[in-house]
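Here is final_14.txt, consisting of compact mmCIF, C-alpha atoms:
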# COMPACT_ATOMS: atom_id res chain seq x y z
CA MET A 1 12.54 7.46 -107.03
CA ALA A 2 14.56 4.90 -105.08
CA LEU A 3 18.09 5.75 -103.96
CA ASN A 4 19.71 3.65 -106.69
CA GLY A 5 17.53 5.53 -109.20
CA VAL A 6 19.08 8.81 -108.13
CA PHE A 7 22.57 7.44 -108.67
CA ASP A 8 21.49 6.00 -112.04
CA LEU A 9 21.08 9.63 -113.13
CA LEU A 10 24.87 9.83 -113.06
CA GLN A 11 24.80 7.76 -116.24
CA GLU A 12 22.59 10.27 -118.11
CA ASN A 13 24.39 12.27 -120.80
CA VAL A 14 27.84 11.07 -119.76
CA LYS A 15 29.43 13.80 -121.88
CA LYS A 16 28.66 16.24 -119.05
CA PRO A 17 30.79 15.86 -115.91
CA ARG A 18 28.70 15.24 -112.80
CA PHE A 19 28.92 13.98 -109.25
CA CYS A 20 26.56 13.18 -106.42
CA LYS A 21 26.76 14.07 -102.71
CA SER A 22 24.78 13.38 -99.57
CA LEU A 23 25.14 15.77 -96.64
CA PRO A 24 25.67 13.39 -93.69
CA LEU A 25 29.04 12.26 -95.04
CA GLY A 26 30.84 14.74 -92.79
CA GLU A 27 33.36 17.38 -93.74
CA ASN A 28 34.05 15.83 -97.16
CA TRP A 29 30.93 17.47 -98.61
CA LYS A 30 32.99 20.61 -99.16
CA ILE A 31 35.48 18.97 -101.50
CA ILE A 32 35.07 18.92 -105.30
CA PRO A 33 35.96 15.44 -106.63
CA GLU A 34 39.18 15.48 -108.64
CA GLU A 35 37.60 13.37 -111.39
CA PHE A 36 34.92 16.07 -111.81
CA VAL A 37 37.60 18.80 -111.94
CA ARG A 38 39.65 16.91 -114.54
CA SER A 39 36.69 16.09 -116.77
CA ALA A 40 35.70 19.79 -116.84
CA HIS A 41 39.08 20.50 -118.51
CA GLY A 42 40.01 23.49 -116.38
CA ALA A 43 36.67 25.28 -116.81
CA PHE A 44 36.84 26.43 -113.19
CA GLU A 45 39.53 26.85 -110.58
CA HIS A 46 38.45 29.75 -108.41
CA ARG A 47 34.66 29.69 -108.34
CA LEU A 48 31.47 27.91 -109.41
CA VAL A 49 27.95 29.20 -109.95
CA PHE A 50 25.30 26.75 -108.74
CA SER A 51 21.90 27.05 -110.44
CA VAL A 52 18.69 25.22 -109.53
CA SER A 53 15.57 24.38 -111.51
CA TRP A 54 13.52 27.39 -110.31
CA GLY A 55 16.09 29.92 -111.58
CA ASN A 56 18.07 30.95 -108.49
CA SER A 57 21.86 30.84 -108.45
CA TRP A 58 24.68 31.02 -105.93
CA GLN A 59 28.35 31.84 -106.47
CA VAL A 60 30.71 29.57 -104.54
CA TRP A 61 34.37 30.45 -104.24
CA LEU A 62 36.91 27.63 -104.29
CA HIS A 63 40.34 27.16 -102.77
CA ARG A 64 42.90 24.43 -103.23
CA ASP A 65 45.21 22.86 -100.71
CA LYS A 66 47.23 19.63 -100.59
CA ASN A 67 44.04 17.63 -100.04
CA GLY A 68 42.16 18.92 -103.09
CA LEU A 69 39.76 21.62 -104.29
CA PHE A 70 37.31 22.86 -101.66
CA MET A 71 34.24 25.11 -101.53
CA GLU A 72 34.50 28.08 -99.19
CA GLU A 73 32.54 27.19 -96.06
CA GLU A 74 30.64 30.50 -95.88
CA ASP A 75 29.42 30.20 -99.49
CA TRP A 76 28.45 26.55 -99.11
CA ASN A 77 26.59 27.29 -95.86
CA GLU A 78 24.61 29.99 -97.65
CA PHE A 79 23.55 27.47 -100.30
CA VAL A 80 22.56 25.01 -97.56
CA ASP A 81 20.64 27.73 -95.66
CA ASP A 82 18.76 29.10 -98.64
CA ASN A 83 17.62 25.66 -99.79
CA LEU A 84 16.78 24.36 -96.30
CA LEU A 85 18.99 21.33 -96.87
CA CYS A 86 18.78 18.55 -94.28
CA PRO A 87 20.60 15.34 -93.43
CA ASP A 88 19.95 12.61 -96.03
CA ASP A 89 19.25 15.09 -98.85
CA ILE A 90 21.04 14.09 -102.06
CA LEU A 91 22.54 16.64 -104.44
CA LEU A 92 23.37 15.92 -108.09
CA PHE A 93 25.88 18.37 -109.59
CA THR A 94 26.19 18.65 -113.40
CA HIS A 95 28.76 20.88 -115.10
CA GLU A 96 26.95 22.85 -117.81
CA ASP A 97 29.35 25.48 -119.14
CA THR A 98 32.53 27.15 -117.90
CA MET A 99 31.89 27.83 -114.19
CA PHE A 100 28.14 27.07 -114.34
CA THR A 101 26.91 23.94 -112.59
CA GLU A 102 23.33 22.71 -112.31
CA VAL A 103 22.34 21.29 -108.92
CA ARG A 104 19.38 18.93 -108.56
CA ILE A 105 18.14 18.51 -105.00
CA TYR A 106 16.44 15.28 -103.90
CA LYS A 107 14.64 14.93 -100.56
CA LYS A 108 13.58 11.69 -98.95
CA ASP A 109 9.84 11.02 -98.94
CA TYR A 110 9.25 7.80 -97.00
CA ARG A 111 11.37 5.20 -98.84
CA PHE A 112 11.83 7.25 -102.00
CA PHE A 113 13.63 10.40 -103.11
CA LYS A 114 11.76 13.21 -104.82
CA GLN A 115 13.38 16.02 -106.81
CA VAL A 116 12.73 19.54 -105.49
CA ILE A 117 11.56 21.70 -108.42
CA THR A 118 10.29 24.84 -106.63
CA ALA A 119 11.91 27.18 -104.11
CA PRO A 120 11.58 25.79 -100.58
CA LEU A 121 9.42 27.73 -98.15
CA PRO A 122 10.74 28.51 -94.66
CA PRO A 123 8.92 26.62 -91.89
CA GLN A 124 5.93 28.39 -90.34
CA VAL A 125 6.30 28.83 -86.60
CA LEU A 126 3.10 29.56 -84.67
CA ASN A 127 3.27 30.99 -81.14
CA PRO A 128 7.01 30.39 -80.79
CA LYS A 129 8.23 29.53 -77.32
CA PRO A 130 11.35 31.06 -75.70
CA LYS A 131 14.50 29.29 -76.81
CA ALA A 132 15.71 26.55 -74.49
CA PRO A 133 19.41 25.68 -74.18
CA SER A 134 20.49 23.67 -77.17
CA SER A 135 20.56 19.91 -76.73
CA ALA A 136 20.86 18.93 -80.36
CA LEU A 137 22.86 15.88 -81.22
CA PRO A 138 26.35 16.47 -82.64
CA GLY A 139 26.21 16.90 -86.41
CA PHE A 140 22.60 18.08 -86.47
CA ALA A 141 22.96 21.55 -84.93
CA PRO A 142 24.27 23.22 -88.12
CA PHE A 143 21.14 22.20 -90.04
CA ALA A 144 18.81 23.52 -87.33
CA SER A 145 20.59 26.88 -87.34
CA SER A 146 20.62 26.83 -91.15
CA ALA A 147 16.83 26.61 -91.32
CA SER A 148 16.52 29.44 -88.82
CA ALA A 149 18.94 31.65 -90.75
CA SER A 150 17.17 30.93 -94.03
CA ALA A 151 13.78 31.77 -92.55
CA SER A 152 15.19 35.05 -91.24
CA ARG A 153 16.61 35.97 -94.66
CA ALA A 154 13.36 34.99 -96.34
CA ARG A 155 11.41 37.33 -94.06
CA GLN A 156 13.78 40.19 -94.82
CA SER A 157 13.62 39.65 -98.58
CA SER A 158 9.87 39.16 -98.64
CA SER A 159 9.20 42.87 -97.91
CA PRO A 160 8.10 44.14 -101.32
CA VAL A 161 9.21 47.40 -102.92
CA GLN A 162 6.36 49.86 -102.51
CA ASN A 163 4.80 50.67 -105.89
CA PRO A 164 7.65 49.44 -108.15
CA GLU A 165 5.77 50.78 -111.20
CA GLN A 166 6.77 54.32 -110.19
CA TYR A 167 10.36 53.57 -111.27
CA LEU A 168 9.48 52.45 -114.80
CA VAL A 169 10.38 54.64 -117.77
CA ASN A 170 7.62 52.95 -119.77
CA PRO A 171 4.68 51.67 -117.69
CA GLN A 172 3.96 49.10 -120.43
CA ASN A 173 7.34 47.39 -120.03
CA PRO A 174 7.64 44.07 -118.21
CA TYR A 175 9.58 44.24 -114.97
CA PHE A 176 10.53 42.32 -111.84
CA VAL A 177 11.94 43.24 -108.43
CA LYS A 178 15.26 41.72 -107.40
CA THR A 179 16.62 41.59 -103.85
CA LEU A 180 20.40 41.32 -104.08
CA SER A 181 22.08 38.23 -102.68
CA LYS A 182 25.71 37.80 -101.74
CA LYS A 183 28.22 37.07 -104.54
CA ILE A 184 25.79 36.54 -107.41
CA ASP A 185 27.49 36.76 -110.80
CA VAL A 186 24.47 36.78 -113.08
CA LEU A 187 20.98 38.28 -113.18
CA TYR A 188 18.37 35.56 -113.70
CA VAL A 189 14.88 36.10 -115.11
CA ASN A 190 12.72 33.49 -113.42
CA GLN A 191 10.05 31.41 -115.09
CA GLU A 192 7.17 33.18 -113.35
CA VAL A 193 8.20 36.51 -114.92
CA ILE A 194 8.79 34.88 -118.32
CA GLN A 195 5.35 33.31 -118.33
CA ARG A 196 3.55 36.37 -116.97
CA TYR A 197 4.79 38.58 -119.81
CA GLY A 198 5.34 35.96 -122.50
CA LEU A 199 9.01 36.97 -122.73
CA LYS A 200 11.29 35.87 -125.57
CA PHE A 201 15.07 35.98 -125.58
CA GLY A 202 17.79 35.87 -128.20
CA PRO A 203 20.09 32.86 -128.57
CA HIS A 204 22.77 31.90 -126.05
CA LEU A 205 25.58 34.50 -125.92
CA SER A 206 23.61 37.15 -127.85
CA LEU A 207 24.31 40.80 -127.01
CA VAL A 208 22.15 42.65 -124.45
CA HIS A 209 22.62 45.83 -122.41
CA TYR A 210 22.23 47.17 -118.90
CA LEU A 211 20.73 50.66 -119.02
CA LEU A 212 21.41 53.06 -116.15
CA PRO A 213 21.04 56.86 -115.93
CA GLY A 214 23.42 58.24 -118.57
CA GLU A 215 25.18 54.91 -119.04
CA LYS A 216 24.93 51.78 -121.17
CA HIS A 217 26.85 48.59 -120.38
CA GLU A 218 27.23 45.61 -122.69
CA ALA A 219 26.51 42.08 -121.52
CA VAL A 220 25.54 38.75 -123.05
CA ILE A 221 22.58 36.55 -122.36
CA LYS A 222 23.26 33.00 -121.25
CA ILE A 223 20.66 30.27 -121.23
CA TYR A 224 20.96 27.17 -119.05
CA ARG A 225 18.14 24.62 -118.88
CA ASN A 226 15.73 27.21 -120.34
CA ALA A 227 16.71 29.69 -117.60
CA PRO A 228 17.96 32.95 -119.21
CA CYS A 229 20.38 35.20 -117.36
CA PHE A 230 22.50 38.30 -118.01
CA ASN A 231 26.22 38.18 -117.19
CA ARG A 232 28.32 41.03 -115.68
CA TRP A 233 25.66 41.61 -112.99
CA ALA A 234 28.24 41.49 -110.19
CA ALA A 235 30.29 44.20 -111.93
CA ILE A 236 27.23 46.48 -112.18
CA CYS A 237 26.39 46.03 -108.50
CA LYS A 238 30.01 46.61 -107.47
CA LYS A 239 30.29 49.80 -109.54
CA TYR A 240 27.23 51.27 -107.83
CA ASN A 241 28.26 49.99 -104.39
CA LYS A 242 25.20 47.81 -103.96
CA LYS A 243 25.14 45.13 -101.28
CA GLU A 244 23.18 42.14 -100.09
CA GLY A 245 19.60 43.06 -99.21
CA ASP A 246 19.37 46.07 -101.55
CA SER A 247 16.39 46.11 -103.90
CA VAL A 248 16.43 46.65 -107.66
CA VAL A 249 13.58 47.15 -110.11
CA CYS A 250 14.59 45.50 -113.39
CA GLU A 251 12.67 46.95 -116.34
CA LEU A 252 12.98 44.89 -119.52
CA GLU A 253 13.24 46.59 -122.90
CA ARG A 254 12.15 44.65 -125.99
CA SER A 255 12.70 45.04 -129.71
CA GLY A 256 10.61 42.95 -132.08
CA GLY A 257 9.24 41.09 -129.07
CA VAL A 258 12.72 39.96 -127.93
CA VAL A 259 14.35 41.20 -124.70
CA THR A 260 17.35 43.36 -125.62
CA ALA A 261 18.12 45.30 -122.42
CA VAL A 262 17.55 45.60 -118.69
CA ARG A 263 16.89 49.10 -117.40
CA VAL A 264 18.20 49.02 -113.81
CA HIS A 265 16.53 51.10 -111.10
CA PHE A 266 18.28 50.92 -107.73
CA VAL A 267 15.73 51.44 -104.98
CA ASN A 268 18.01 51.73 -101.92
CA GLY A 269 20.19 54.80 -101.86

Using structure tokens, write down the structure that the file contains.
Amino acid sequence: MALNGVFDLLQENVKKPRFCKSLPLGENWKIIPEEFVRSAHGAFEHRLVFSVSWGNSWQVWLHRDKNGLFMEEEDWNEFVDDNLLCPDDILLFTHEDTMFTEVRIYKKDYRFFKQVITAPLPPQVLNPKPKAPSSALPGFAPFASSASASASRARQSSSPVQNPEQYLVNPQNPYFVKTLSKKIDVLYVNQEVIQRYGLKFGPHLSLVHYLLPGEKHEAVIKIYRNAPCFNRWAAICKKYNKKEGDSVVCELERSGGVVTAVRVHFVNG
């Protein structure tokens, strides 16, 4: 897709507020355009949840000053790190519902831009040499360190839980292992898990439950772009003092073939 084709996407479904950004524009990438804020009719003021096509999401806190509404730098940097964003990447933000915003990522491939539809893999480094003093050009150093940080996090999160089936109440239940990220509001069920088990979900905003030892917590299921998620996940993690990097085995309970609950097994601690 040519560059003008990417910006033509801004005209799709004009009922949904959207805006486009390219990273090399300097510090202004952290600001949320006022037109976008106004057209969302006050749906967000303090935070946004960015979701991408492969089911991951990031919570980004916002703050306002005399110059406008800004994303917190730490949260934005995490989004940049995790998606291995580089100069000249183009991001298309579409407001879906309340604080939820879909982000499409486009990377340059020769003269054209191609949408990223799967999670980026960290670069493979063979026989790494000792680090030399940095001589990166101004403006490019943050992206080099971002890729390094993302690769480090990916290595840490790639260590699987040993024998996750041992935590299941019913060995026949579908399950997936979740490594907690920082400030994630919702629990997503990714497409790989959905397809593996042939999962079905109730309609948007239908009632579901988190099941923990001796406790049952209500939640609702939300569906964005065919990506189902359970809300109140941050509250569950906070109550049990779980932090970034902790592992969870999520066992799905079904009734009549439809997912009705998540049985949560905390692995760490």

Using all atoms listed in the file for the distances, tell me which of A:Asp109, A:Lys21, A:Val116, A:Asn56 is nearest to Leu92 of chain A.
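Closest to Leu92 of chain A of all the choices is A:Lys21.
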
Which of these residues is nearest to Phe50 of chain A, using only C-alpha atoms: A:Phe93, A:Gln172, A:Ile32, A:Arg38?
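The closest residue to Phe50 of chain A is A:Phe93.
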
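Once segment 67-81 of chain A and its same-chain neighbours fewer than 2 positions away are set aside, A:Lys30, A:Ile31, A:Ile32, A:Val60, A:Trp61, A:Leu62, A:His63, A:Arg64, A:Asp65, A:Asn83, A:Leu84, A:Leu85, A:Ser146, A:Ala147, A:Ser150 remain within 6 Å of it when counting all atoms listed in the file.
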
Between A:Thr260, A:Ser206, A:Thr101, A:Gln166, which is the closest to Gln59 of chain A once you count all atoms listed in the file?
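Going through A:Thr260, A:Ser206, A:Thr101, A:Gln166 one by one, the smallest distance to Gln59 of chain A is for A:Thr101.
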
Please report the interatomic distance between atom CA of His265 of chain A and atom CA of Val52 of chain A in Å with one decimal.
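One can read the atom CA of His265 of chain A to atom CA of Val52 of chain A distance as 26.0 Å.
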
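Distance-wise, atom CA of Ser57 of chain A and atom CA of Val169 of chain A end up 28.0 Å apart.
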
Interatomic distance between atom CA of Lys178 of chain A and atom CA of Lys200 of chain A?
19.5 Å

Using only C-alpha atoms, tabulate the residues of segment 95-117 of chain A lying at most 10 Å from any atom of segment 17-20 of chain A, each with its closest atom pair and that distance in Å to one decimal, by chain and increasing residue number, as JSON lines.
{"residue": "A:His95", "atom": "CA", "partner": "A:Pro17", "partner_atom": "CA", "distance": 5.5}
{"residue": "A:Glu96", "atom": "CA", "partner": "A:Pro17", "partner_atom": "CA", "distance": 8.2}
{"residue": "A:Thr101", "atom": "CA", "partner": "A:Arg18", "partner_atom": "CA", "distance": 8.9}
{"residue": "A:Glu102", "atom": "CA", "partner": "A:Arg18", "partner_atom": "CA", "distance": 9.2}
{"residue": "A:Val103", "atom": "CA", "partner": "A:Cys20", "partner_atom": "CA", "distance": 9.5}
{"residue": "A:Arg104", "atom": "CA", "partner": "A:Cys20", "partner_atom": "CA", "distance": 9.4}

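Closest approach to Ile236 of chain A among A:Val186, A:Ile194, A:Val49, A:Ala261: A:Val186, based on all atoms listed in the file.
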
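Distances to Glu215 of chain A were evaluated for A:Val249, A:Val189, A:Val264, A:Val177 using all atoms listed in the file, and the minimum falls at A:Val264.
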
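Remark: for Trp233 of chain A, the closest of the candidate residues A:Lys16, A:Leu207, A:Tyr188, A:Glu165 is A:Tyr188 (distances computed over only C-alpha atoms).
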